[in-house]
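Take a look at the structure set out below.
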Amino acid sequence: MATNRTVDGEQRRAAIMAAIEAEGSARLAELAAELDVSEMTVRRDLDDLELAGQLRRVRGGAVAVERPRDFGERRARRPRAKQVIARKALELLPTSGAVAFDASSTVGTLAAHLDARPKLSIVTNSVDNYATLRQSHAGRAVLTGGEPEPSTGSLVGPIACRGAESMLYQAFVHSSSGFDAELGTSETSLDESEVKQVFARRSSRVLLLIDSAKLGGRSVAAAFEAAQIDTLVTELDPDDARLDPFRALVDIR
C-alpha cells in the first residue's frame, strides 16, 4: 500500500506540475476538483513541490517558477491572453514621437498588431520584435544593438544600454517574469533588467503588459518597484479580484 500511495502521489504531483507549466499558475480548489482529492492533499503536494523548487505558493494556489525560455517557447504560452493584452495596449500608445519596446513575447504580440503610425519611432532590444515591426510597417523600427543574452535572446550589455539611452520616449512598454505587489517586477537575467531600467529612465510613462498567471510571481533579478510602473495591462477585467493587491499601486487596464 505504501508503494501505491507513493506512485499515486508522484502521478498527482506530475499532473499538478503539468497544469501549472501549461497555464503558468493553478488554483488550489480547481486542482483538487480535477484530481478528485481533498484540498488538504493538494496543499501538501504544493508545499512539497515548493520545497523542491518546482513552483511557488501564492494565496489560493501556486505559480510556476520562471525559468529562461527562448522567444518561440514564450510566444506559444497563453496566446489568447497576449492577444487581449495587445488590444488594450494599442489604445495607450502615441501616434508620433518615440516609444520603447522590450524583448518580451507579450510586447511582440503588440508589435504584430500595431497599426501604421509613420510618425512613430519604436526602439527595441529584441531582434524578433524588430523583425515583426519591420514586417508590419507600423512605424520606424530601431534596434538598440548589443550582444544576445544566452537564455532569452534579447540584446543586452553596454552597447544595448547606450542604444536604449540614445532617445527620449513617451512610453516604455514591457512585460516581466513576475509582478509581486510588495517586491515589484523581476526578470530571469540581471543583464535584461539593466536594459529595461535604462529604457524606463528615458521614458515619460512605464507600461507593464503582463499575463495574469504572472501576478504574484517572482524571478531572480529585481527590476521595478510598483511605484515605478504607471499602468498595468492584463487580460483580466479591471474589476477582477485578482488585481486587488495592485489597485492602490498602479493604474489598471
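Going by the C-alpha cells order, chains are called A, B, ..., each with residues numbered from 1, while ligands are numbered from 1 in the order shown.
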Counting only C-alpha atoms, which residues of region 159-226 of chain A sit at most 9 Å from some atom of region 123-146 of chain A, and what is each one's closest atom pair with its distance in Å to one decimal, listed by chain and rising residue number, as CSV?
residue,atom,partner,partner_atom,distance
A:Ile159,CA,A:Gly146,CA,4.7
A:Ala160,CA,A:Gly146,CA,4.3
A:Cys161,CA,A:Thr144,CA,7.7
A:Arg162,CA,A:Thr144,CA,7.7
A:Gly163,CA,A:Thr144,CA,4.4
A:Ala164,CA,A:Thr144,CA,5.9
A:Ser166,CA,A:Thr144,CA,8.9
A:Met167,CA,A:Val123,CA,8.5
A:Tyr169,CA,A:Val123,CA,8.9
A:Val195,CA,A:Asn125,CA,8.1
Can you spit out the residues from that selection as a short mmCIF file (atom, residue, chain, number, x, y, z; two decimals), in the first residue's frame, using N, CA and C atoms?
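File result_38.cif, as written:
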data_model
loop_
_atom_site.label_atom_id
_atom_site.label_comp_id
_atom_site.auth_asym_id
_atom_site.auth_seq_id
_atom_site.Cartn_x
_atom_site.Cartn_y
_atom_site.Cartn_z
N ILE A 159 26.49 48.15 -25.15
CA ILE A 159 26.02 48.72 -26.42
C ILE A 159 24.50 48.82 -26.41
N ALA A 160 23.82 47.78 -25.91
CA ALA A 160 22.35 47.82 -25.82
C ALA A 160 21.90 48.95 -24.91
N CYS A 161 22.59 49.14 -23.79
CA CYS A 161 22.23 50.22 -22.87
C CYS A 161 22.43 51.59 -23.50
N ARG A 162 23.53 51.76 -24.24
CA ARG A 162 23.76 53.04 -24.93
C ARG A 162 22.71 53.29 -25.99
N GLY A 163 22.34 52.23 -26.71
CA GLY A 163 21.28 52.38 -27.71
C GLY A 163 19.95 52.75 -27.08
N ALA A 164 19.63 52.12 -25.96
CA ALA A 164 18.39 52.41 -25.26
C ALA A 164 18.37 53.85 -24.74
N SER A 166 19.76 56.46 -26.05
CA SER A 166 20.00 57.47 -27.08
C SER A 166 18.77 58.28 -27.47
N MET A 167 17.58 57.87 -27.00
CA MET A 167 16.37 58.60 -27.36
C MET A 167 15.53 58.86 -26.12
N TYR A 169 11.61 58.78 -24.75
CA TYR A 169 10.41 58.02 -25.12
C TYR A 169 9.17 58.55 -24.40
N VAL A 195 18.93 46.74 -19.05
CA VAL A 195 18.47 47.44 -20.25
C VAL A 195 17.08 48.03 -20.04
#
Worksheet item: Which parts of region 16-246 of chain A does DSSP call strand (DSSP E) when run on the backbone here, written out as a PyMOL selection string?
Response: chain A and resi 25-27+55-58+61-64+96-101+119-124+140-143+147-148+155-156+171-174+178-180+184-187+206-209+221-222+231-233
Fill in: Residue nearest Ala171 (chain A) - candidates A:Leu183, A:Ile229, A:Leu51, A:Leu155, atoms counted: only C-alpha atoms
A:Ile229
Please provide the set of residues having any atom within 8 Å of Leu28 (chain A), restricted to only C-alpha atoms, with same-chain residues fewer than 6 positions apart removed, written as a PDB file with C-alpha atoms, in the first residue's frame.
ATOM      1  CA  GLU A  39      -7.770  20.421  -0.928  1.00  0.00           C
ATOM      2  CA  VAL A  42      -3.246  19.217  -2.885  1.00  0.00           C
ATOM      3  CA  ARG A  43      -1.976  21.729  -0.337  1.00  0.00           C
ATOM      4  CA  GLY A  60      -5.151  30.117  -3.089  1.00  0.00           C
ATOM      5  CA  GLY A  61      -2.760  28.141  -5.295  1.00  0.00           C
ATOM      6  CA  ALA A  62       0.653  28.236  -6.911  1.00  0.00           C
TER       7      ALA A  62
END
Response to the item:
Ser219 (chain A) proximity check over A:Ser177, A:Ser96, A:Ser121, A:Ser151, using only C-alpha atoms: winner is A:Ser177
Discussion item. Nearest residue to Leu208 (chain A) out of A:Arg247, A:Arg80, A:Arg27, A:Arg253, using only C-alpha atoms?
Written reply: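 Looking only at the distances to Leu208 (chain A), the closest residue turns out to be A:Arg253.
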Worksheet item: Which neighbours of Lys88 (chain A) fall inside 12 Å, counting only C-alpha atoms, when residues of the same chain fewer than 5 positions from it are skipped, and could you give them as a list in words?
Response: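 Contacts, in chain order: Ala81, Lys82, Gln83, Leu93, Val107, Thr109, Leu110, His113, Leu114, Leu207, Leu208, Leu209, Ile210, Thr231, Leu232, Val233, Thr234, Glu235, Leu236, Asp237, Pro238, Ile252 and Arg253 of chain A.
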Discussion item. Set the distance at 12 Å and use only C-alpha atoms: which residues neighbour Asp48 (chain A) once local chain neighbours fewer than 6 positions away are removed? I'd like the list as a PyMOL selection string.
Written reply: chain A and resi 9-10+12-14+16-17+41-42+54-57+62
Item to complete: Would you please extract all alpha helix (DSSP H) residues from region 34-243 of chain A, as assigned by DSSP on the backbone, and give them as JSON, numbers by chain?
Response: {"A": [34, 35, 39, 40, 41, 42, 43, 44, 45, 46, 47, 48, 49, 50, 51, 71, 72, 73, 74, 75, 76, 79, 80, 81, 82, 83, 84, 85, 86, 87, 88, 89, 90, 105, 106, 107, 108, 109, 110, 111, 112, 113, 127, 128, 129, 130, 131, 132, 133, 134, 135, 136, 157, 158, 159, 160, 161, 162, 163, 164, 165, 190, 191, 192, 193, 194, 195, 196, 197, 198, 199, 200, 201]}
For the residues in that selection, give me C-alpha atoms as a PDB file, in the first residue's frame.
ATOM      1  CA  GLU A  34      -9.610  17.934 -11.298  1.00  0.00           C
ATOM      2  CA  LEU A  35      -7.614  15.338  -9.363  1.00  0.00           C
ATOM      3  CA  GLU A  39      -7.770  20.421  -0.928  1.00  0.00           C
ATOM      4  CA  MET A  40      -5.617  19.368   2.036  1.00  0.00           C
ATOM      5  CA  THR A  41      -3.956  16.707  -0.127  1.00  0.00           C
ATOM      6  CA  VAL A  42      -3.246  19.217  -2.885  1.00  0.00           C
ATOM      7  CA  ARG A  43      -1.976  21.729  -0.337  1.00  0.00           C
ATOM      8  CA  ARG A  44       0.563  19.182   0.923  1.00  0.00           C
ATOM      9  CA  ASP A  45       1.612  18.410  -2.651  1.00  0.00           C
ATOM     10  CA  LEU A  46       2.093  22.096  -3.398  1.00  0.00           C
ATOM     11  CA  ASP A  47       4.164  22.526  -0.241  1.00  0.00           C
ATOM     12  CA  ASP A  48       6.369  19.578  -1.241  1.00  0.00           C
ATOM     13  CA  LEU A  49       6.801  20.914  -4.777  1.00  0.00           C
ATOM     14  CA  GLU A  50       7.713  24.351  -3.469  1.00  0.00           C
ATOM     15  CA  LEU A  51      10.345  22.844  -1.170  1.00  0.00           C
ATOM     16  CA  PHE A  71      11.288  33.568 -27.770  1.00  0.00           C
ATOM     17  CA  GLY A  72       9.338  30.892 -29.648  1.00  0.00           C
ATOM     18  CA  GLU A  73       8.546  28.984 -26.485  1.00  0.00           C
ATOM     19  CA  ARG A  74       7.425  32.138 -24.706  1.00  0.00           C
ATOM     20  CA  ARG A  75       5.273  33.225 -27.664  1.00  0.00           C
ATOM     21  CA  ALA A  76       3.405  29.890 -27.604  1.00  0.00           C
ATOM     22  CA  PRO A  79      -1.590  33.246 -26.758  1.00  0.00           C
ATOM     23  CA  ARG A  80      -5.211  34.293 -26.119  1.00  0.00           C
ATOM     24  CA  ALA A  81      -4.163  36.301 -23.071  1.00  0.00           C
ATOM     25  CA  LYS A  82      -1.441  38.009 -25.114  1.00  0.00           C
ATOM     26  CA  GLN A  83      -3.993  38.937 -27.800  1.00  0.00           C
ATOM     27  CA  VAL A  84      -6.313  40.602 -25.278  1.00  0.00           C
ATOM     28  CA  ILE A  85      -3.409  42.472 -23.680  1.00  0.00           C
ATOM     29  CA  ALA A  86      -2.209  43.698 -27.074  1.00  0.00           C
ATOM     30  CA  ARG A  87      -5.643  45.064 -27.997  1.00  0.00           C
ATOM     31  CA  LYS A  88      -5.837  47.003 -24.737  1.00  0.00           C
ATOM     32  CA  ALA A  89      -2.290  48.336 -25.035  1.00  0.00           C
ATOM     33  CA  LEU A  90      -2.830  49.659 -28.557  1.00  0.00           C
ATOM     34  CA  SER A 105       6.787  37.866 -26.480  1.00  0.00           C
ATOM     35  CA  THR A 106       3.808  39.744 -25.000  1.00  0.00           C
ATOM     36  CA  VAL A 107       5.126  43.007 -26.413  1.00  0.00           C
ATOM     37  CA  GLY A 108       5.904  41.067 -29.603  1.00  0.00           C
ATOM     38  CA  THR A 109       2.183  40.342 -29.912  1.00  0.00           C
ATOM     39  CA  LEU A 110       1.521  44.076 -29.565  1.00  0.00           C
ATOM     40  CA  ALA A 111       4.125  44.764 -32.261  1.00  0.00           C
ATOM     41  CA  ALA A 112       2.290  42.408 -34.623  1.00  0.00           C
ATOM     42  CA  HIS A 113      -0.998  44.268 -34.045  1.00  0.00           C
ATOM     43  CA  VAL A 127      15.721  41.082 -32.890  1.00  0.00           C
ATOM     44  CA  ASP A 128      12.407  39.178 -33.025  1.00  0.00           C
ATOM     45  CA  ASN A 129      10.283  42.203 -32.155  1.00  0.00           C
ATOM     46  CA  TYR A 130      12.319  44.388 -34.511  1.00  0.00           C
ATOM     47  CA  ALA A 131      11.612  41.926 -37.355  1.00  0.00           C
ATOM     48  CA  THR A 132       7.906  41.940 -36.514  1.00  0.00           C
ATOM     49  CA  LEU A 133       7.801  45.747 -36.553  1.00  0.00           C
ATOM     50  CA  ARG A 134       9.595  45.829 -39.902  1.00  0.00           C
ATOM     51  CA  GLN A 135       7.123  43.370 -41.402  1.00  0.00           C
ATOM     52  CA  SER A 136       4.067  45.238 -40.098  1.00  0.00           C
ATOM     53  CA  GLY A 157      25.263  44.766 -22.425  1.00  0.00           C
ATOM     54  CA  PRO A 158      26.883  48.226 -22.744  1.00  0.00           C
ATOM     55  CA  ILE A 159      26.015  48.716 -26.421  1.00  0.00           C
ATOM     56  CA  ALA A 160      22.350  47.815 -25.818  1.00  0.00           C
ATOM     57  CA  CYS A 161      22.227  50.219 -22.868  1.00  0.00           C
ATOM     58  CA  ARG A 162      23.759  53.044 -24.926  1.00  0.00           C
ATOM     59  CA  GLY A 163      21.281  52.380 -27.714  1.00  0.00           C
ATOM     60  CA  ALA A 164      18.386  52.415 -25.260  1.00  0.00           C
ATOM     61  CA  GLU A 165      19.668  55.668 -23.756  1.00  0.00           C
ATOM     62  CA  LEU A 190      20.333  40.806 -14.445  1.00  0.00           C
ATOM     63  CA  ASP A 191      21.524  41.989 -17.873  1.00  0.00           C
ATOM     64  CA  GLU A 192      17.938  42.062 -19.144  1.00  0.00           C
ATOM     65  CA  SER A 193      16.819  44.047 -16.127  1.00  0.00           C
ATOM     66  CA  GLU A 194      19.587  46.604 -16.691  1.00  0.00           C
ATOM     67  CA  VAL A 195      18.472  47.440 -20.253  1.00  0.00           C
ATOM     68  CA  LYS A 196      14.854  47.763 -19.136  1.00  0.00           C
ATOM     69  CA  GLN A 197      15.839  50.196 -16.402  1.00  0.00           C
ATOM     70  CA  VAL A 198      17.662  52.367 -18.954  1.00  0.00           C
ATOM     71  CA  PHE A 199      14.570  52.422 -21.186  1.00  0.00           C
ATOM     72  CA  ALA A 200      12.404  53.375 -18.209  1.00  0.00           C
ATOM     73  CA  ARG A 201      14.671  56.242 -17.109  1.00  0.00           C
TER      74      ARG A 201
END
Item to complete: Just give me the gap between CA of Thr185 (chain A) and CA of Gly53 (chain A) in Å, one decimal is fine.
Response: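 If I compute the distance from CA of Thr185 (chain A) to CA of Gly53 (chain A), I get 19.6 Å.
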Fill in: Residue nearest Ala100 (chain A) - candidates A:Ala226, A:Val173, A:Ala22, A:Leu249, atoms counted: only C-alpha atoms
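Comparing A:Ala226, A:Val173, A:Ala22, A:Leu249 against Ala100 (chain A), the winner is A:Val173.
The coordinates place CA of Ser189 (chain A) at 8.3 Å from CA of Glu149 (chain A).
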Practice prompt. Can you work out the spacing between CA of Ala32 (chain A) and CA of Gly178 (chain A) in Å, to one decimal?
Written response: 25.0 Å
Excluding Gly97 (chain A) and its own-chain neighbours fewer than 4 positions away, which residues fall within 7 Å of it when counting only C-alpha atoms? Please give them as a PDB file with C-alpha atoms, in the first residue's frame.
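What ended up in result-v2.pdb:
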ATOM      1  CA  LYS A 119       5.479  59.409 -37.309  1.00  0.00           C
ATOM      2  CA  LEU A 120       6.227  56.958 -34.503  1.00  0.00           C
ATOM      3  CA  SER A 121       9.701  55.526 -33.797  1.00  0.00           C
ATOM      4  CA  GLN A 170       6.802  58.829 -24.484  1.00  0.00           C
TER       5      GLN A 170
END
Discussion item. Between A:Ser104, A:Glu182, A:Ala98, A:Lys214, which residue has the minimum interatomic distance to Ile122 (chain A), considering only C-alpha atoms?
Written reply: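 Of all the options, A:Ala98 lies closest to Ile122 (chain A).
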